[in-house]
Number of protein chains: 2
Amino acid sequence: MQPDQPVRTGRAKRLPRAVRERQIMDAAVDVFSRLGFHAASMDEISEVAGISKPMLYAYLGSKEELFATCIRREATVMMEAIANGIEPDQPPDVQLWSGLRAFFGFVGENRASWQVLHRQASSQGGPFAAELAEMRGRAVNLVAALLVHATKTQDVPSASEQEAESLAAALVGAGESLADWWLDHPDEPAGVVASRLMNLVWMGFGDLVQGNIWHPPSKRP
Amino acid sequence: MQPDQPVRTGRAKRLPRAVRERQIMDAAVDVFSRLGFHAASMDEISEVAGISKPMLYAYLGSKEELFATCIRREATVMMEAIANGIEPDQPPDVQLWSGLRAFFGFVGENRASWQVLHRQASSQGGPFAAELAEMRGRAVNLVAALLVHATKTQDVPSASEQEAESLAAALVGAGESLADWWLDHPDEPAGVVASRLMNLVWMGFGDLVQGNIWHPPSKRP
DNA sequence: AGGTGTACCTACTCACCAGTAGATTACTTG
DNA sequence: CAAGTAATCTACTGGTGAGTAGGTACACCT
């Protein structure tokens, strides 16, 4: 959350283009996340960014281009955060756990990013949703691969690609919407939310109601 | 999905108020679901409804009132569908199963309703999200009660209210977002989607990768 | 210092849309 | 069949916001 720039009067200090572009993007993510695409005005974005509207257009083009650019940037940053968080060469449950922790960690520290990325992008139709769908696709592939790998280490008929992918989609969806839910209940720490989802999707209610809990490896005997 | 009314010219046929109101609401749900709250215009809604704008205002008030009314109507209809679908006096897993089937059944046959209800309402802030949150609260309570009941029949320390409620929230969230995902993959039948979520949340990946599947009672030995 | 290009601004235009005023038509009931 | 009233229309206003035209100041190089 960017602190509101003090009300600017007169000319802004000269800055190199790259720096201004970053400032503008930050402001745009902030405003889009608070107001949504349509209700956000280019006037407000330029004001928050501390510059005038023509700068906005000169640097980042139309409102739609700006929004798409925001989505791409935030999506890339997030996917990198998750990819860096996963520990390969670990058993599937641990990989899933580290991925979930990285995901909720990112969302917790970049609420505006998540808001613009998920809620806004998916509720505007068209090219924006497509942008988002592509990123979700990458996430689903990640999880699906993990699942297939998990079944391969067992001596059961490995799940079909189709089956794995749809389960992965369900899990990714659960993560997305739990993150949305979390936005409205911000008091819980990230680790707790991540651990709840981990237990839900790895153990299932069937186990949980019998008191069987999943623990991270450090707590295993 | 309402078929577009043919382009209307001249006066619409006189109809009693109640009927017109229904037509208008149907049109509003259609347009809101396609375009979102802000991008939807009262002109377009009135056109799809086959009447002129002043009628809209005379019957349903302002744009915001209209939208809120849509949300309330659709939410009520959906909750009733689910409540009617659940079979009480059955074991917890069967109750959950029937609830999921009812939910996905409703979404499948009322895609526009779901879109306006979930995607649109949650991405507009303010009173709309509150309206939605209240309905989600009812759903969460339903599931949480079911969970608490399930643990009570076991001889384990029953989960805390807090724990049960957040797990319920996760499940409801998973359902919401799986429904969203389903909007973009409409080829799957409702039963299949419902069954996937059932397996995921009841059995968990941990069981699924070992080939343990949940079956509805009719297939049990 | 003077020139050159880039960062930056004020002040508009134009389109679109929520909401309304005031007139008009068609059922319905005595 | 004439009121009376409910349903409906056409045609406007006012405000807001995307996008732009045309100009000003600052920094750096020579």
# chains A, B, ... in the order shown; residues from 1 in each chain; ligands from 1

$ closest_atom_pairs --of "chain A" --to "chain B" --cutoff "6 Å" --atoms "only C-alpha atoms" --output "Markdown table"
| residue | atom | partner | partner_atom | distance |
| --- | --- | --- | --- | --- |
| A:Arg119 | CA | B:Ser123 | CA | 5.8 |
| A:Ser123 | CA | B:Arg119 | CA | 5.7 |
| A:Thr151 | CA | B:Val209 | CA | 4.9 |
| A:Ala170 | CA | B:Leu178 | CA | 5.8 |
| A:Gly173 | CA | B:Ser177 | CA | 5.2 |
| A:Ala174 | CA | B:Ala174 | CA | 4.1 |
| A:Ser177 | CA | B:Gly173 | CA | 5.2 |
| A:Leu178 | CA | B:Gly173 | CA | 5.8 |
| A:Val201 | CA | B:Gly204 | CA | 4.7 |
| A:Trp202 | CA | B:Gly204 | CA | 4.4 |
| A:Met203 | CA | B:Gly204 | CA | 4.5 |
| A:Gly204 | CA | B:Gly204 | CA | 3.8 |
| A:Phe205 | CA | B:Trp202 | CA | 4.5 |
| A:Gly206 | CA | B:Trp202 | CA | 4.8 |
| A:Val209 | CA | B:Thr151 | CA | 4.9 |

$ write_last_selection --atoms "N, CA and C atoms" --output "PDB file, in the first residue's frame"
ATOM      1  N   ARG A 119      -9.082 -10.392  -8.318  1.00  0.00           N
ATOM      2  CA  ARG A 119     -10.464  -9.930  -8.321  1.00  0.00           C
ATOM      3  C   ARG A 119     -10.757  -9.059  -9.523  1.00  0.00           C
ATOM      4  N   SER A 123     -12.856 -10.119 -13.061  1.00  0.00           N
ATOM      5  CA  SER A 123     -14.214  -9.612 -13.225  1.00  0.00           C
ATOM      6  C   SER A 123     -14.346  -8.720 -14.455  1.00  0.00           C
ATOM      7  N   THR A 151       1.758 -39.692  -7.584  1.00  0.00           N
ATOM      8  CA  THR A 151       1.139 -40.992  -7.844  1.00  0.00           C
ATOM      9  C   THR A 151       2.164 -41.984  -8.387  1.00  0.00           C
ATOM     10  N   ALA A 170      -8.628 -27.451  -9.180  1.00  0.00           N
ATOM     11  CA  ALA A 170      -9.425 -27.270  -7.973  1.00  0.00           C
ATOM     12  C   ALA A 170      -8.566 -26.724  -6.845  1.00  0.00           C
ATOM     13  N   GLY A 173      -7.682 -23.187  -7.536  1.00  0.00           N
ATOM     14  CA  GLY A 173      -8.875 -22.404  -7.275  1.00  0.00           C
ATOM     15  C   GLY A 173      -9.107 -22.220  -5.791  1.00  0.00           C
ATOM     16  N   ALA A 174      -8.936 -23.286  -5.028  1.00  0.00           N
ATOM     17  CA  ALA A 174      -9.115 -23.178  -3.591  1.00  0.00           C
ATOM     18  C   ALA A 174      -8.135 -22.156  -3.022  1.00  0.00           C
ATOM     19  N   SER A 177      -9.236 -18.610  -3.890  1.00  0.00           N
ATOM     20  CA  SER A 177     -10.384 -18.071  -3.184  1.00  0.00           C
ATOM     21  C   SER A 177     -10.126 -18.002  -1.695  1.00  0.00           C
ATOM     22  N   LEU A 178      -9.269 -18.870  -1.182  1.00  0.00           N
ATOM     23  CA  LEU A 178      -8.909 -18.715   0.218  1.00  0.00           C
ATOM     24  C   LEU A 178      -8.141 -17.402   0.391  1.00  0.00           C
ATOM     25  N   VAL A 201      -6.446 -29.943   1.814  1.00  0.00           N
ATOM     26  CA  VAL A 201      -6.284 -30.622   0.528  1.00  0.00           C
ATOM     27  C   VAL A 201      -5.418 -31.867   0.632  1.00  0.00           C
ATOM     28  N   TRP A 202      -4.585 -31.978   1.654  1.00  0.00           N
ATOM     29  CA  TRP A 202      -3.748 -33.173   1.708  1.00  0.00           C
ATOM     30  C   TRP A 202      -4.436 -34.273   2.528  1.00  0.00           C
ATOM     31  N   MET A 203      -4.991 -33.888   3.661  1.00  0.00           N
ATOM     32  CA  MET A 203      -5.617 -34.893   4.515  1.00  0.00           C
ATOM     33  C   MET A 203      -7.082 -35.101   4.147  1.00  0.00           C
ATOM     34  N   GLY A 204      -7.794 -34.018   3.902  1.00  0.00           N
ATOM     35  CA  GLY A 204      -9.224 -34.119   3.636  1.00  0.00           C
ATOM     36  C   GLY A 204     -10.021 -34.103   4.920  1.00  0.00           C
ATOM     37  N   PHE A 205     -11.282 -33.688   4.832  1.00  0.00           N
ATOM     38  CA  PHE A 205     -12.149 -33.671   6.003  1.00  0.00           C
ATOM     39  C   PHE A 205     -12.255 -35.053   6.636  1.00  0.00           C
ATOM     40  N   GLY A 206     -12.302 -36.057   5.783  1.00  0.00           N
ATOM     41  CA  GLY A 206     -12.461 -37.412   6.288  1.00  0.00           C
ATOM     42  C   GLY A 206     -11.422 -37.742   7.338  1.00  0.00           C
ATOM     43  N   VAL A 209     -11.679 -34.991  10.613  1.00  0.00           N
ATOM     44  CA  VAL A 209     -12.690 -35.211  11.650  1.00  0.00           C
ATOM     45  C   VAL A 209     -12.306 -36.397  12.532  1.00  0.00           C
TER      46      VAL A 209
END

$ residues_around --residues "segment 7-23 of chain C" --least-positions-apart "3" --cutoff "12 Å" --atoms "only C-alpha atoms (C1' of nucleotides)" --output "ChimeraX atom specification"
/A:9-18,20,50-56,58-59 /B:38-44,53-58,61-64 /D:8-27

$ residues_around --residues "DC28 of chain D" --least-positions-apart "2" --cutoff "10 Å" --atoms "only C-alpha atoms (C1' of nucleotides)" --output "list in words"
DT4 and DG5 of chain C; DC26 and DT30 of chain D

$ write_last_selection --atoms "all heavy atoms" --output "short mmCIF file (atom, residue, chain, number, x, y, z; two decimals), in the first residue's frame"
data_model
loop_
_atom_site.label_atom_id
_atom_site.label_comp_id
_atom_site.auth_asym_id
_atom_site.auth_seq_id
_atom_site.Cartn_x
_atom_site.Cartn_y
_atom_site.Cartn_z
P DT C 4 20.30 23.28 -32.03
OP1 DT C 4 21.16 22.89 -33.17
OP2 DT C 4 19.13 24.16 -32.23
"O5'" DT C 4 19.85 21.95 -31.28
"C5'" DT C 4 20.84 21.21 -30.54
"C4'" DT C 4 20.16 20.17 -29.67
"O4'" DT C 4 20.04 20.65 -28.31
"C3'" DT C 4 18.75 19.78 -30.10
"O3'" DT C 4 18.60 18.41 -29.86
"C2'" DT C 4 17.88 20.61 -29.18
"C1'" DT C 4 18.70 20.49 -27.89
N1 DT C 4 18.42 21.49 -26.83
C2 DT C 4 18.64 21.13 -25.52
O2 DT C 4 19.04 20.05 -25.18
N3 DT C 4 18.35 22.13 -24.60
C4 DT C 4 17.88 23.41 -24.87
O4 DT C 4 17.67 24.21 -23.97
C5 DT C 4 17.67 23.69 -26.27
C7 DT C 4 17.16 25.05 -26.68
C6 DT C 4 17.94 22.74 -27.17
P DG C 5 17.67 17.49 -30.82
OP1 DG C 5 18.53 16.80 -31.80
OP2 DG C 5 16.53 18.32 -31.28
"O5'" DG C 5 17.11 16.40 -29.81
"C5'" DG C 5 18.00 15.81 -28.86
"C4'" DG C 5 17.35 15.71 -27.50
"O4'" DG C 5 17.21 17.02 -26.90
"C3'" DG C 5 15.92 15.11 -27.54
"O3'" DG C 5 15.85 14.14 -26.52
"C2'" DG C 5 15.03 16.31 -27.23
"C1'" DG C 5 15.93 17.08 -26.27
N9 DG C 5 15.56 18.47 -26.08
C8 DG C 5 15.21 19.39 -27.06
N7 DG C 5 14.92 20.57 -26.57
C5 DG C 5 15.10 20.43 -25.19
C6 DG C 5 14.94 21.37 -24.15
O6 DG C 5 14.60 22.55 -24.24
N1 DG C 5 15.23 20.81 -22.91
C2 DG C 5 15.61 19.51 -22.69
N2 DG C 5 15.84 19.15 -21.44
N3 DG C 5 15.77 18.62 -23.66
C4 DG C 5 15.49 19.15 -24.88
P DC D 26 12.35 25.28 -13.59
OP1 DC D 26 11.44 25.21 -12.44
OP2 DC D 26 13.09 26.53 -13.90
"O5'" DC D 26 13.40 24.11 -13.46
"C5'" DC D 26 12.94 22.78 -13.55
"C4'" DC D 26 13.82 21.98 -14.48
"O4'" DC D 26 13.66 22.37 -15.85
"C3'" DC D 26 15.32 22.09 -14.22
"O3'" DC D 26 15.71 20.88 -13.59
"C2'" DC D 26 15.95 22.28 -15.60
"C1'" DC D 26 14.80 21.89 -16.53
N1 DC D 26 14.81 22.50 -17.89
C2 DC D 26 15.11 21.70 -19.00
O2 DC D 26 15.39 20.51 -18.83
N3 DC D 26 15.10 22.24 -20.25
C4 DC D 26 14.79 23.53 -20.39
N4 DC D 26 14.77 24.02 -21.63
C5 DC D 26 14.46 24.37 -19.28
C6 DC D 26 14.49 23.82 -18.05
P DT D 30 29.46 16.39 -25.65
OP1 DT D 30 29.37 15.42 -26.77
OP2 DT D 30 30.29 16.10 -24.47
"O5'" DT D 30 29.93 17.79 -26.26
"C5'" DT D 30 29.15 18.36 -27.32
"C4'" DT D 30 29.39 19.86 -27.40
"O4'" DT D 30 28.92 20.52 -26.20
"C3'" DT D 30 30.87 20.25 -27.55
"O3'" DT D 30 31.02 20.96 -28.77
"C2'" DT D 30 31.14 21.18 -26.37
"C1'" DT D 30 29.75 21.65 -26.00
N1 DT D 30 29.58 22.07 -24.58
C2 DT D 30 29.07 23.32 -24.32
O2 DT D 30 28.75 24.10 -25.18
N3 DT D 30 28.94 23.61 -22.97
C4 DT D 30 29.28 22.79 -21.91
O4 DT D 30 29.11 23.16 -20.75
C5 DT D 30 29.81 21.50 -22.26
C7 DT D 30 30.22 20.55 -21.19
C6 DT D 30 29.95 21.20 -23.57
#

$ residues_around --residues "Cys70 of chain A" --least-positions-apart "2" --cutoff "12 Å" --atoms "only C-alpha atoms (C1' of nucleotides)" --output "PyMOL selection string"
chain A and resi 21-33+37+60+63-68+72-77+112-118+120-121+128+131-132

$ atom_distance --atom1 "atom CA of Gly85 of chain A" --atom2 "atom CA of Ser195 of chain A"
15.3 Å

$ atom_distance --atom1 "atom CA of Ala144 of chain A" --atom2 "atom CA of Glu87 of chain A"
16.1 Å

$ residues_around --residues "DA3 of chain D" --least-positions-apart "3" --cutoff "12 Å" --atoms "only C-alpha atoms (C1' of nucleotides)" --output "list of chain:residue names"
C:DT28, C:DT29, C:DG30

$ residues_around --residues "Leu183 of chain B" --least-positions-apart "6" --cutoff "9 Å" --atoms "only C-alpha atoms (C1' of nucleotides)" --output "ChimeraX atom specification"
/B:107-108,111,115

$ select_by_dssp --residues "segment 99-188 of chain A" --states "helix (DSSP H, G or I)" --output "MDAnalysis selection string"
chainID A and resid 99:109 111:123 126:152 161:184

$ atom_distance --atom1 "atom CA of Val140 of chain B" --atom2 "atom CA of Met79 of chain B"
11.6 Å
